[in-house]
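> First the structure, which I've put down as structure tokens, then a few questions once you've had a look.
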Amino acid sequence: MFSSLFGKKETENNNLLFKDRAYMTTEAKMKACAALAKEKDDTIFIAWFTDTAKQFKHYFSANGMNESRITEARQLSNSQLISKTAVFVEHYPLNSKEENFVAPWKIKNILVYSAMDEPLFKHFGSEKLIPLMKMMGMKENEVIEHSMVSKSIISGQKKIEAQVTLEQTASSQEDWMRLNIL
């Protein structure tokens with residue numbers, strides 16, 4: 001149903017650094033990541049926060065999948081990326097940190113799996129959109145993927161970045177938002 005919401009499939013927007021796949025819930029996002037892992041053996045999943053990495057490792061393990069395919073960004077070495085496809089399982093709240101992290105990779109359209117129930121999205125009112133999307137017939141496992149989504153996320157990250165004066169580290173996106181947003 002939502003495949004035509006944003007118009008025709010894009011071909012001209014290959015200049016974006018990140019390509020977002022947004023789901024309604026974290027559970028749907030984890031299922032999609034697991035499906036990608038089963039489909040493509042060369043995929044490595046990168047989490048920005050320790051709690052997210054633990055959550056995904058537990059999910060992969062519980063579903064009989066190799067949890068070593070999940071790594072934290074801070075523990076990632078370039079050698080782990082050789083012959084691999086990197087996929088982020090969440091956004092970092094600051095766009096500049098994401099861009100600086102992937103700059104040495106010299107690739108574009110890096111996949112990022114997100115969920116509208118994540119703290120970053122909730123900060124911008126996603127909890128109001130989820131019921132509307134359900135009412136319109138969108139299924140929890142349907143993906144929203146369009147350059148407008150990626151551009152909106154970048155815009156939101158930049159708004160957050162403007163509010164952060166001295167970044168405090170955290171083990172989860174929720175804690176990061178609580179500690180760093182004025």
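A note on labels: chains of the structure tokens are A, B, ... as shown, every chain counts residues from 1, and ligands are counted from 1 in their shown order.
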What are the nearest atom pairs, with distances in Å to one decimal, for all residues of region 116-172 of chain A that come at most 12 Å from region 53-74 of chain A, using only C-alpha atoms, set out by chain and rising residue number as a tab-separated table?


```
residue	atom	partner	partner_atom	distance
A:Thr169	CA	A:Arg74	CA	11.8
A:Ser171	CA	A:Ala53	CA	9.8
A:Ser172	CA	A:Ala53	CA	9.5
```

> List the neighbours of Ala170 (chain A) out to 12 Å using only C-alpha atoms; skip same-chain residues closer than 5 positions along the sequence, and give me the result as a list in words.

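Residues meeting the cut-off are Trp48, Phe49, Thr50, Asp51, Thr52, Tyr92, Pro93, Asp175, Trp176, Met177, Arg178, Leu179 and Asn180 of chain A.
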
> Keeping only N, CA and C atoms, take the residues you just selected and write them out as a PDB file, in the first residue's frame.


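Now in again-v7.pdb:
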```pdb
ATOM      1  N   TRP A  48      25.418   1.471  17.012  1.00  0.00           N
ATOM      2  CA  TRP A  48      26.118   2.598  17.633  1.00  0.00           C
ATOM      3  C   TRP A  48      26.201   2.444  19.148  1.00  0.00           C
ATOM      4  N   PHE A  49      25.233   1.766  19.724  1.00  0.00           N
ATOM      5  CA  PHE A  49      25.136   1.699  21.180  1.00  0.00           C
ATOM      6  C   PHE A  49      25.247   0.255  21.663  1.00  0.00           C
ATOM      7  N   THR A  50      25.875   0.078  22.821  1.00  0.00           N
ATOM      8  CA  THR A  50      26.093  -1.238  23.415  1.00  0.00           C
ATOM      9  C   THR A  50      24.777  -1.983  23.624  1.00  0.00           C
ATOM     10  N   ASP A  51      23.767  -1.296  24.142  1.00  0.00           N
ATOM     11  CA  ASP A  51      22.483  -1.960  24.402  1.00  0.00           C
ATOM     12  C   ASP A  51      21.839  -2.480  23.123  1.00  0.00           C
ATOM     13  N   THR A  52      21.979  -1.735  22.036  1.00  0.00           N
ATOM     14  CA  THR A  52      21.426  -2.184  20.758  1.00  0.00           C
ATOM     15  C   THR A  52      22.165  -3.421  20.269  1.00  0.00           C
ATOM     16  N   TYR A  92      22.991   7.157  14.722  1.00  0.00           N
ATOM     17  CA  TYR A  92      23.548   7.912  15.835  1.00  0.00           C
ATOM     18  C   TYR A  92      22.829   9.261  15.823  1.00  0.00           C
ATOM     19  N   PRO A  93      22.519   9.839  16.957  1.00  0.00           N
ATOM     20  CA  PRO A  93      21.755  11.089  16.954  1.00  0.00           C
ATOM     21  C   PRO A  93      22.440  12.273  16.273  1.00  0.00           C
ATOM     22  N   ASP A 175      19.247   6.621  26.496  1.00  0.00           N
ATOM     23  CA  ASP A 175      20.076   7.313  27.484  1.00  0.00           C
ATOM     24  C   ASP A 175      20.809   8.496  26.858  1.00  0.00           C
ATOM     25  N   TRP A 176      21.293   8.310  25.636  1.00  0.00           N
ATOM     26  CA  TRP A 176      21.986   9.398  24.951  1.00  0.00           C
ATOM     27  C   TRP A 176      21.061  10.605  24.805  1.00  0.00           C
ATOM     28  N   MET A 177      19.836  10.352  24.366  1.00  0.00           N
ATOM     29  CA  MET A 177      18.873  11.447  24.184  1.00  0.00           C
ATOM     30  C   MET A 177      18.593  12.135  25.520  1.00  0.00           C
ATOM     31  N   ARG A 178      18.420  11.367  26.554  1.00  0.00           N
ATOM     32  CA  ARG A 178      18.130  11.910  27.882  1.00  0.00           C
ATOM     33  C   ARG A 178      19.293  12.752  28.397  1.00  0.00           C
ATOM     34  N   LEU A 179      20.514  12.313  28.185  1.00  0.00           N
ATOM     35  CA  LEU A 179      21.692  12.992  28.700  1.00  0.00           C
ATOM     36  C   LEU A 179      22.114  14.220  27.895  1.00  0.00           C
ATOM     37  N   ASN A 180      21.781  14.231  26.612  1.00  0.00           N
ATOM     38  CA  ASN A 180      22.350  15.256  25.723  1.00  0.00           C
ATOM     39  C   ASN A 180      21.382  16.289  25.180  1.00  0.00           C
TER      40      ASN A 180
END
```

> Find the residues around region 157-164 of chain A up to 8 Å (only C-alpha atoms counted), leave out those fewer than 3 positions away in its own chain, and share them as a list in words.

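Listed by chain and then number, they are Pro93, Leu94, Asn95, Ile153, Ile154, Glu167, Asn180, Ile181 and Leu182 of chain A.
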
> Keeping only N, CA and C atoms, take the residues you just selected and write them out as a JSON list (two decimals), in the first residue's frame.


```json
[["chain", "number", "residue", "atom", "x", "y", "z"],
["A", 93, "PRO", "N", 22.52, 9.84, 16.96],
["A", 93, "PRO", "CA", 21.76, 11.09, 16.95],
["A", 93, "PRO", "C", 22.44, 12.27, 16.27],
["A", 94, "LEU", "N", 23.76, 12.22, 16.12],
["A", 94, "LEU", "CA", 24.49, 13.32, 15.50],
["A", 94, "LEU", "C", 24.95, 12.92, 14.10],
["A", 95, "ASN", "N", 24.48, 13.64, 13.09],
["A", 95, "ASN", "CA", 24.81, 13.33, 11.71],
["A", 95, "ASN", "C", 26.31, 13.43, 11.44],
["A", 153, "ILE", "N", 15.63, 12.50, 8.27],
["A", 153, "ILE", "CA", 16.44, 12.02, 9.40],
["A", 153, "ILE", "C", 17.69, 12.88, 9.56],
["A", 154, "ILE", "N", 18.35, 13.18, 8.46],
["A", 154, "ILE", "CA", 19.53, 14.04, 8.51],
["A", 154, "ILE", "C", 19.17, 15.42, 9.07],
["A", 167, "GLU", "N", 28.84, 16.70, 24.35],
["A", 167, "GLU", "CA", 28.23, 15.36, 24.24],
["A", 167, "GLU", "C", 28.67, 14.45, 25.38],
["A", 180, "ASN", "N", 21.78, 14.23, 26.61],
["A", 180, "ASN", "CA", 22.35, 15.26, 25.72],
["A", 180, "ASN", "C", 21.38, 16.29, 25.18],
["A", 181, "ILE", "N", 20.11, 16.04, 25.25],
["A", 181, "ILE", "CA", 19.17, 17.01, 24.68],
["A", 181, "ILE", "C", 18.70, 17.95, 25.79],
["A", 182, "LEU", "N", 18.83, 19.22, 25.51],
["A", 182, "LEU", "CA", 18.45, 20.25, 26.50],
["A", 182, "LEU", "C", 16.96, 20.32, 26.67]]
```

> From the list A:Ala47, A:Phe121, A:Ala86, A:Val102, which residue is nearest Ser152 (chain A) when using only C-alpha atoms?

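Looking only at the distances to Ser152 (chain A), the closest residue turns out to be A:Phe121.
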